[in-house]
Amino acid sequence: MYNLFEDEDDIFQGSPKSKFLDIVFNANRDLVHNELARLMERMAVMELMLQEQLGEEDIDAQVRRCEFERADDVEMMAKNLYIISVGNVLSRNE
């Protein structure tokens with residue numbers, strides 16, 4: 001579950017999500033565009049893979065079930081993906 005005050009307690013003065021949003025809104029537009037396009041392409045591939053395995057109608061139900069049953073894992077994965085995306089943008093910005 002998202003903690004509204006997560007940034008206040010974070011030793012690095014911000015959550016991975018807030019840092020990602022800072023980068024998205026302030027970094028070079030082309031770099032951010034490329035990273036968001038990469039994320040969308042990756043998500044499209046995952047959607048296609050799920051469609052092949054589950055059928056199109058079952059995807060939303062599976063996603064909701066996973067979000068509920070593995071909430072902590074989903075939260076940790078989201079944080080990791082924010083960090084990876086920030087790293088991708090920042091490493092190309094140098």
# chains A, B, ... in the order shown; residues from 1 in each chain; ligands from 1

call {"tool": "residues_around", "arguments": {"residues": "Ile59 (chain A)", "least_positions_apart": "6", "cutoff": "12 Å", "atoms": "only C-alpha atoms", "output": "short mmCIF file (atom, residue, chain, number, x, y, z; two decimals) with N, CA and C atoms, in the first residue's frame"}}
result
data_model
loop_
_atom_site.label_atom_id
_atom_site.label_comp_id
_atom_site.auth_asym_id
_atom_site.auth_seq_id
_atom_site.Cartn_x
_atom_site.Cartn_y
_atom_site.Cartn_z
N MET A 46 4.43 -7.91 -22.83
CA MET A 46 3.89 -8.68 -21.72
C MET A 46 2.40 -8.93 -21.88
N GLU A 47 1.66 -7.95 -22.36
CA GLU A 47 0.23 -8.11 -22.62
C GLU A 47 0.00 -9.21 -23.66
N LEU A 48 0.79 -9.20 -24.73
CA LEU A 48 0.65 -10.22 -25.76
C LEU A 48 0.95 -11.61 -25.21
N MET A 49 1.98 -11.70 -24.39
CA MET A 49 2.33 -12.98 -23.78
C MET A 49 1.19 -13.48 -22.89
N LEU A 50 0.60 -12.58 -22.11
CA LEU A 50 -0.51 -12.98 -21.25
C LEU A 50 -1.73 -13.38 -22.06
N GLN A 51 -2.00 -12.67 -23.14
CA GLN A 51 -3.12 -13.03 -24.01
C GLN A 51 -2.95 -14.44 -24.55
N GLU A 52 -1.74 -14.77 -24.95
CA GLU A 52 -1.47 -16.12 -25.47
C GLU A 52 -1.69 -17.19 -24.40
N GLN A 53 -1.32 -16.88 -23.17
CA GLN A 53 -1.43 -17.86 -22.09
C GLN A 53 -2.83 -17.95 -21.49
N ARG A 65 -6.13 -10.10 -9.40
CA ARG A 65 -5.85 -11.13 -8.41
C ARG A 65 -4.39 -11.04 -7.94
N CYS A 66 -3.48 -10.87 -8.88
CA CYS A 66 -2.06 -10.75 -8.52
C CYS A 66 -1.81 -9.51 -7.67
#

call {"tool": "residues_around", "arguments": {"residues": "region 70-86 of chain A", "least_positions_apart": "6", "cutoff": "12 Å", "atoms": "only C-alpha atoms", "output": "MDAnalysis selection string"}}
result
chainID A and resid 1:3 14:27 31:39 42 62:64 92:93

call {"tool": "select_by_dssp", "arguments": {"residues": "chain A", "states": "alpha helix (DSSP H)", "output": "number ranges by chain"}}
result
A: 6-9, 16-26, 29-54, 59-69, 71-93

call {"tool": "atom_distance", "arguments": {"atom1": "CA of Asn28 (chain A)", "atom2": "CA of Ser91 (chain A)"}}
result
11.7 Å

call {"tool": "atom_distance", "arguments": {"atom1": "CA of Phe68 (chain A)", "atom2": "CA of Asn88 (chain A)"}}
result
29.2 Å

call {"tool": "decode", "arguments": {"residues": "region 47-85 of chain A", "atoms": "C-alpha atoms", "output": "compact mmCIF listing (two decimals), in the first residue's frame"}}
result
# COMPACT_ATOMS: atom_id res chain seq x y z
CA GLU A 47 0.23 -8.11 -22.62
CA LEU A 48 0.65 -10.22 -25.76
CA MET A 49 2.33 -12.98 -23.78
CA LEU A 50 -0.51 -12.98 -21.25
CA GLN A 51 -3.12 -13.03 -24.01
CA GLU A 52 -1.47 -16.12 -25.47
CA GLN A 53 -1.43 -17.86 -22.09
CA LEU A 54 -4.74 -16.76 -20.60
CA GLY A 55 -6.95 -15.46 -23.36
CA GLU A 56 -7.81 -11.79 -23.68
CA GLU A 57 -10.74 -11.76 -21.27
CA ASP A 58 -8.82 -13.29 -18.37
CA ILE A 59 -5.98 -10.76 -18.27
CA ASP A 60 -7.71 -8.10 -16.16
CA ALA A 61 -8.94 -10.67 -13.65
CA GLN A 62 -5.46 -12.18 -13.36
CA VAL A 63 -3.88 -8.75 -12.89
CA ARG A 64 -6.37 -7.80 -10.16
CA ARG A 65 -5.85 -11.13 -8.41
CA CYS A 66 -2.06 -10.75 -8.52
CA GLU A 67 -2.29 -7.17 -7.24
CA PHE A 68 -4.34 -8.41 -4.30
CA GLU A 69 -2.55 -11.68 -3.52
CA ARG A 70 0.98 -10.39 -4.00
CA ALA A 71 0.60 -6.74 -3.02
CA ASP A 72 4.00 -6.55 -1.30
CA ASP A 73 5.79 -8.15 -4.26
CA VAL A 74 3.97 -5.84 -6.68
CA GLU A 75 4.95 -2.79 -4.63
CA MET A 76 8.61 -3.90 -4.51
CA MET A 77 8.66 -4.61 -8.26
CA ALA A 78 7.14 -1.20 -9.00
CA LYS A 79 9.83 0.47 -6.88
CA ASN A 80 12.53 -1.51 -8.71
CA LEU A 81 11.10 -0.51 -12.09
CA TYR A 82 11.04 3.16 -11.05
CA ILE A 83 14.70 2.90 -10.05
CA ILE A 84 15.64 1.15 -13.31
CA SER A 85 13.86 3.79 -15.38
